[in-house]
Amino acid sequence: MNESCIFCKIIRGEIPSTRVYEDEHTLAFLDIGPLVKGHTLVIPKQHFDSLRDADPEAAAQVMVTAQKIARAQLNGLGADGVNIHQANGRVAGQVVPHLHVHVVPRFKDDGYHWNWKAGKYAGADESNGMAEKIRQGLKQTA
Ligand code: AMP
Ligand code: ZN
C-alpha cells in the first residue's frame, strides 16, 4: 500500500468508487472518465507502480480478472467486442502510477477510434536488430 496513491485510497475505501468486482488480490471499478460507458479498471490490491515492478503472479491475477470483466461486459452490457489497454510510464500515457488494466466495452458505432497508426521497418536488418535488442533485454529480466 502507498499512502498517497489514489488507487490505493480506492482499495482502502478512502475515496469513492463504483465497484464491479473484487477478490483477494484484485479490484475492478468503473473508470471515472470512460472512453466508452462501462469502461472498467482492474488493479492489483498490492501497490506496484507499473508492470515493470509487478510480481508476475500479480500481473497474472490482474489479467484473469480483466478476462472476467471482458466476459461480463460482453454478457451483461451486450458489448460486441472489448479492448484491453495498459499504459506504463508517462510517455505511454500512464497518469496514475498504480498498475492498472483498462477494459473497454465496444459497440458497433460507439464512435470511439483507437489511434493506431501502423509504421514500417526499413527492412529485415532493422527488424532483426530490434528483435535482437529485445532478446538481450530478456536476459536482464528476472
Ligand atoms: P492511465 O492514463 O492509464 O494512467 O489511466 C488512468 C485512468 O484512471 C484514467 O482513465 C482516469 O479516468 C482514471 N481515474 C483517475 N481517477 C479515478 C478515480 N478516482 N476513479 C476512477 N477512475 C479514475
Ligand atoms: Zn497504489
# chains A, B, ... in the order shown; residues from 1 in each chain; ligands from 1
>>> residues_near_ligand(ligand="ligand 2", cutoff="8 Å", atoms="only C-alpha atoms and all ligand atoms", output="PDB file with N, CA and C atoms, in the first residue's frame")
ATOM      1  N   MET A   1       0.835  -1.207   0.000  1.00  0.00           N
ATOM      2  CA  MET A   1       0.000   0.000   0.000  1.00  0.00           C
ATOM      3  C   MET A   1       0.871   1.259   0.000  1.00  0.00           C
ATOM      4  N   ASN A   2       0.373   2.249  -0.712  1.00  0.00           N
ATOM      5  CA  ASN A   2       1.092   3.506  -0.842  1.00  0.00           C
ATOM      6  C   ASN A   2       0.153   4.599  -0.319  1.00  0.00           C
ATOM      7  N   GLU A   3       0.619   5.341   0.671  1.00  0.00           N
ATOM      8  CA  GLU A   3      -0.238   6.319   1.370  1.00  0.00           C
ATOM      9  C   GLU A   3      -0.934   7.297   0.434  1.00  0.00           C
ATOM     10  N   SER A   4      -0.158   7.831  -0.524  1.00  0.00           N
ATOM     11  CA  SER A   4      -0.699   8.930  -1.330  1.00  0.00           C
ATOM     12  C   SER A   4      -1.335   8.460  -2.647  1.00  0.00           C
ATOM     13  N   CYS A   5      -1.225   7.175  -2.961  1.00  0.00           N
ATOM     14  CA  CYS A   5      -1.700   6.674  -4.260  1.00  0.00           C
ATOM     15  C   CYS A   5      -3.232   6.670  -4.309  1.00  0.00           C
ATOM     16  N   ILE A   6      -3.769   7.259  -5.369  1.00  0.00           N
ATOM     17  CA  ILE A   6      -5.223   7.400  -5.490  1.00  0.00           C
ATOM     18  C   ILE A   6      -5.916   6.038  -5.591  1.00  0.00           C
ATOM     19  N   PHE A   7      -5.286   5.075  -6.274  1.00  0.00           N
ATOM     20  CA  PHE A   7      -5.924   3.758  -6.398  1.00  0.00           C
ATOM     21  C   PHE A   7      -5.805   2.962  -5.089  1.00  0.00           C
ATOM     22  N   CYS A   8      -4.708   3.158  -4.346  1.00  0.00           N
ATOM     23  CA  CYS A   8      -4.623   2.534  -3.013  1.00  0.00           C
ATOM     24  C   CYS A   8      -5.716   3.112  -2.105  1.00  0.00           C
ATOM     25  N   LYS A   9      -5.999   4.408  -2.263  1.00  0.00           N
ATOM     26  CA  LYS A   9      -7.078   5.023  -1.469  1.00  0.00           C
ATOM     27  C   LYS A   9      -8.425   4.416  -1.844  1.00  0.00           C
ATOM     28  N   LYS A  45      -4.465  -5.431  -5.651  1.00  0.00           N
ATOM     29  CA  LYS A  45      -4.630  -4.790  -4.335  1.00  0.00           C
ATOM     30  C   LYS A  45      -3.285  -4.400  -3.737  1.00  0.00           C
ATOM     31  N   GLN A  46      -2.239  -5.055  -4.191  1.00  0.00           N
ATOM     32  CA  GLN A  46      -0.882  -4.665  -3.774  1.00  0.00           C
ATOM     33  C   GLN A  46      -0.402  -3.554  -4.706  1.00  0.00           C
ATOM     34  N   HIS A  47       0.255  -2.548  -4.154  1.00  0.00           N
ATOM     35  CA  HIS A  47       0.711  -1.432  -4.994  1.00  0.00           C
ATOM     36  C   HIS A  47       1.966  -1.798  -5.781  1.00  0.00           C
ATOM     37  N   PHE A  48       1.880  -1.621  -7.100  1.00  0.00           N
ATOM     38  CA  PHE A  48       3.059  -1.648  -7.989  1.00  0.00           C
ATOM     39  C   PHE A  48       2.912  -0.426  -8.881  1.00  0.00           C
ATOM     40  N   ASP A  49       3.996   0.304  -9.101  1.00  0.00           N
ATOM     41  CA  ASP A  49       3.895   1.496  -9.953  1.00  0.00           C
ATOM     42  C   ASP A  49       3.445   1.132 -11.362  1.00  0.00           C
ATOM     43  N   PRO A  97       0.133   6.162 -11.261  1.00  0.00           N
ATOM     44  CA  PRO A  97       1.222   5.189 -11.108  1.00  0.00           C
ATOM     45  C   PRO A  97       0.882   4.053 -10.131  1.00  0.00           C
ATOM     46  N   HIS A  98      -0.213   3.372 -10.419  1.00  0.00           N
ATOM     47  CA  HIS A  98      -0.566   2.101  -9.748  1.00  0.00           C
ATOM     48  C   HIS A  98      -1.012   1.214 -10.905  1.00  0.00           C
ATOM     49  N   LEU A  99      -0.320   0.100 -11.091  1.00  0.00           N
ATOM     50  CA  LEU A  99      -0.616  -0.801 -12.219  1.00  0.00           C
ATOM     51  C   LEU A  99      -2.125  -0.960 -12.424  1.00  0.00           C
TER      52      LEU A  99
END
>>> residues_near_ligand(ligand="ligand 1", cutoff="6 Å", atoms="only C-alpha atoms and all ligand atoms", output="VMD selection string")
chain A and resid 17 30 to 33 87 93 to 96
>>> residues_around(residues="Asp110 (chain A)", least_positions_apart="6", cutoff="10 Å", atoms="only C-alpha atoms", output="number ranges by chain")
A: 35-37
>>> residues_around(residues="region 137-142 of chain A", least_positions_apart="3", cutoff="12 Å", atoms="only C-alpha atoms", output="list of chain:residue names")
A:Arg52, A:Asp53, A:Ala54, A:Asp55, A:Pro56, A:Met130, A:Ala131, A:Glu132, A:Lys133, A:Ile134
>>> select_by_dssp(residues="region 54-141 of chain A", states="helix (DSSP H, G or I)", output="ChimeraX atom specification")
/A:56-77,90-92,124-139
>>> closest_atom_pairs(of="region 112-140 of chain A", to="region 68-83 of chain A", cutoff="12 Å", atoms="only C-alpha atoms", output="JSON lines")
{"residue": "A:Tyr112", "atom": "CA", "partner": "A:Asn83", "partner_atom": "CA", "distance": 10.9}
{"residue": "A:His113", "atom": "CA", "partner": "A:Asn83", "partner_atom": "CA", "distance": 11.0}
{"residue": "A:Trp114", "atom": "CA", "partner": "A:Asn83", "partner_atom": "CA", "distance": 9.3}
>>> write_last_selection(atoms="N, CA, C and O atoms", output="compact mmCIF listing (two decimals), in the first residue's frame")
# COMPACT_ATOMS: atom_id res chain seq x y z
N TYR A 112 -15.88 5.47 -30.88
CA TYR A 112 -14.52 5.51 -30.36
C TYR A 112 -13.56 4.95 -31.41
O TYR A 112 -13.82 3.91 -32.00
N HIS A 113 -12.45 5.67 -31.61
CA HIS A 113 -11.46 5.20 -32.60
C HIS A 113 -10.09 5.09 -31.93
O HIS A 113 -9.60 6.07 -31.37
N TRP A 114 -9.52 3.91 -31.98
CA TRP A 114 -8.18 3.68 -31.45
C TRP A 114 -7.20 4.44 -32.34
O TRP A 114 -7.29 4.36 -33.56
>>> select_by_dssp(residues="chain A", states="strand (DSSP E)", output="list in words")
Arg19, Val20, Tyr21, Glu22, Thr26, Leu27, Ala28, Phe29, Leu30, Thr40, Leu41, Val42, Ile43, Pro44, Gly81, Val82, Asn83, Ile84, His85, Val101, His102, Val103, Val104, Pro105 and Arg106 of chain A
>>> atom_distance(atom1="CA of Ile84 (chain A)", atom2="CA of Gly119 (chain A)")
20.8 Å
>>> residues_around(residues="Thr26 (chain A)", least_positions_apart="3", cutoff="12 Å", atoms="only C-alpha atoms", output="PyMOL selection string")
chain A and resi 7-8+10-11+19-23+29+41-47+57-66+68-69+99-101
>>> closest_residue(among="A:Arg135, A:His102, A:Lys117, A:Arg12", to="Gln67 (chain A)", atoms="only C-alpha atoms")
A:His102
>>> atom_distance(atom1="CA of Val103 (chain A)", atom2="CA of His25 (chain A)")
17.5 Å
>>> atom_distance(atom1="CA of Pro105 (chain A)", atom2="CA of Pro34 (chain A)")
9.9 Å
>>> decode(residues="region 66-80 of chain A", atoms="N, CA, C and O atoms", output="PDB file, in the first residue's frame")
ATOM      1  N   ALA A  66      -9.258  -9.215 -15.577  1.00  0.00           N
ATOM      2  CA  ALA A  66      -9.612  -8.461 -16.793  1.00  0.00           C
ATOM      3  C   ALA A  66     -10.426  -9.344 -17.741  1.00  0.00           C
ATOM      4  O   ALA A  66     -11.385  -8.873 -18.373  1.00  0.00           O
ATOM      5  N   GLN A  67     -10.073 -10.614 -17.830  1.00  0.00           N
ATOM      6  CA  GLN A  67     -10.860 -11.522 -18.682  1.00  0.00           C
ATOM      7  C   GLN A  67     -12.283 -11.675 -18.143  1.00  0.00           C
ATOM      8  O   GLN A  67     -13.255 -11.674 -18.911  1.00  0.00           O
ATOM      9  N   LYS A  68     -12.414 -11.790 -16.820  1.00  0.00           N
ATOM     10  CA  LYS A  68     -13.764 -11.883 -16.219  1.00  0.00           C
ATOM     11  C   LYS A  68     -14.579 -10.649 -16.580  1.00  0.00           C
ATOM     12  O   LYS A  68     -15.766 -10.743 -16.939  1.00  0.00           O
ATOM     13  N   ILE A  69     -13.961  -9.481 -16.467  1.00  0.00           N
ATOM     14  CA  ILE A  69     -14.677  -8.229 -16.748  1.00  0.00           C
ATOM     15  C   ILE A  69     -15.043  -8.150 -18.236  1.00  0.00           C
ATOM     16  O   ILE A  69     -16.157  -7.739 -18.593  1.00  0.00           O
ATOM     17  N   ALA A  70     -14.109  -8.546 -19.096  1.00  0.00           N
ATOM     18  CA  ALA A  70     -14.401  -8.533 -20.540  1.00  0.00           C
ATOM     19  C   ALA A  70     -15.600  -9.425 -20.844  1.00  0.00           C
ATOM     20  O   ALA A  70     -16.523  -9.033 -21.566  1.00  0.00           O
ATOM     21  N   ARG A  71     -15.614 -10.624 -20.271  1.00  0.00           N
ATOM     22  CA  ARG A  71     -16.747 -11.538 -20.484  1.00  0.00           C
ATOM     23  C   ARG A  71     -18.034 -10.933 -19.931  1.00  0.00           C
ATOM     24  O   ARG A  71     -19.095 -11.053 -20.540  1.00  0.00           O
ATOM     25  N   ALA A  72     -17.929 -10.266 -18.772  1.00  0.00           N
ATOM     26  CA  ALA A  72     -19.109  -9.671 -18.150  1.00  0.00           C
ATOM     27  C   ALA A  72     -19.643  -8.503 -18.988  1.00  0.00           C
ATOM     28  O   ALA A  72     -20.854  -8.280 -19.050  1.00  0.00           O
ATOM     29  N   GLN A  73     -18.736  -7.757 -19.620  1.00  0.00           N
ATOM     30  CA  GLN A  73     -19.191  -6.662 -20.496  1.00  0.00           C
ATOM     31  C   GLN A  73     -19.897  -7.235 -21.726  1.00  0.00           C
ATOM     32  O   GLN A  73     -20.915  -6.689 -22.176  1.00  0.00           O
ATOM     33  N   LEU A  74     -19.354  -8.316 -22.258  1.00  0.00           N
ATOM     34  CA  LEU A  74     -19.995  -8.949 -23.428  1.00  0.00           C
ATOM     35  C   LEU A  74     -21.367  -9.505 -23.040  1.00  0.00           C
ATOM     36  O   LEU A  74     -22.357  -9.284 -23.739  1.00  0.00           O
ATOM     37  N   ASN A  75     -21.423 -10.185 -21.889  1.00  0.00           N
ATOM     38  CA  ASN A  75     -22.678 -10.825 -21.462  1.00  0.00           C
ATOM     39  C   ASN A  75     -23.660  -9.832 -20.853  1.00  0.00           C
ATOM     40  O   ASN A  75     -24.857  -9.874 -21.134  1.00  0.00           O
ATOM     41  N   GLY A  76     -23.145  -8.956 -19.989  1.00  0.00           N
ATOM     42  CA  GLY A  76     -24.027  -8.088 -19.209  1.00  0.00           C
ATOM     43  C   GLY A  76     -24.420  -6.804 -19.925  1.00  0.00           C
ATOM     44  O   GLY A  76     -25.534  -6.320 -19.758  1.00  0.00           O
ATOM     45  N   LEU A  77     -23.470  -6.232 -20.692  1.00  0.00           N
ATOM     46  CA  LEU A  77     -23.776  -4.980 -21.407  1.00  0.00           C
ATOM     47  C   LEU A  77     -24.205  -5.252 -22.841  1.00  0.00           C
ATOM     48  O   LEU A  77     -24.629  -4.337 -23.541  1.00  0.00           O
ATOM     49  N   GLY A  78     -24.005  -6.488 -23.285  1.00  0.00           N
ATOM     50  CA  GLY A  78     -24.288  -6.794 -24.687  1.00  0.00           C
ATOM     51  C   GLY A  78     -23.256  -6.177 -25.622  1.00  0.00           C
ATOM     52  O   GLY A  78     -23.554  -5.864 -26.780  1.00  0.00           O
ATOM     53  N   ALA A  79     -22.020  -5.974 -25.085  1.00  0.00           N
ATOM     54  CA  ALA A  79     -20.967  -5.404 -25.932  1.00  0.00           C
ATOM     55  C   ALA A  79     -20.680  -6.342 -27.107  1.00  0.00           C
ATOM     56  O   ALA A  79     -20.837  -7.561 -27.003  1.00  0.00           O
ATOM     57  N   ASP A  80     -20.246  -5.718 -28.219  1.00  0.00           N
ATOM     58  CA  ASP A  80     -19.920  -6.509 -29.410  1.00  0.00           C
ATOM     59  C   ASP A  80     -18.445  -6.919 -29.415  1.00  0.00           C
ATOM     60  O   ASP A  80     -18.040  -7.818 -30.151  1.00  0.00           O
TER      61      ASP A  80
END
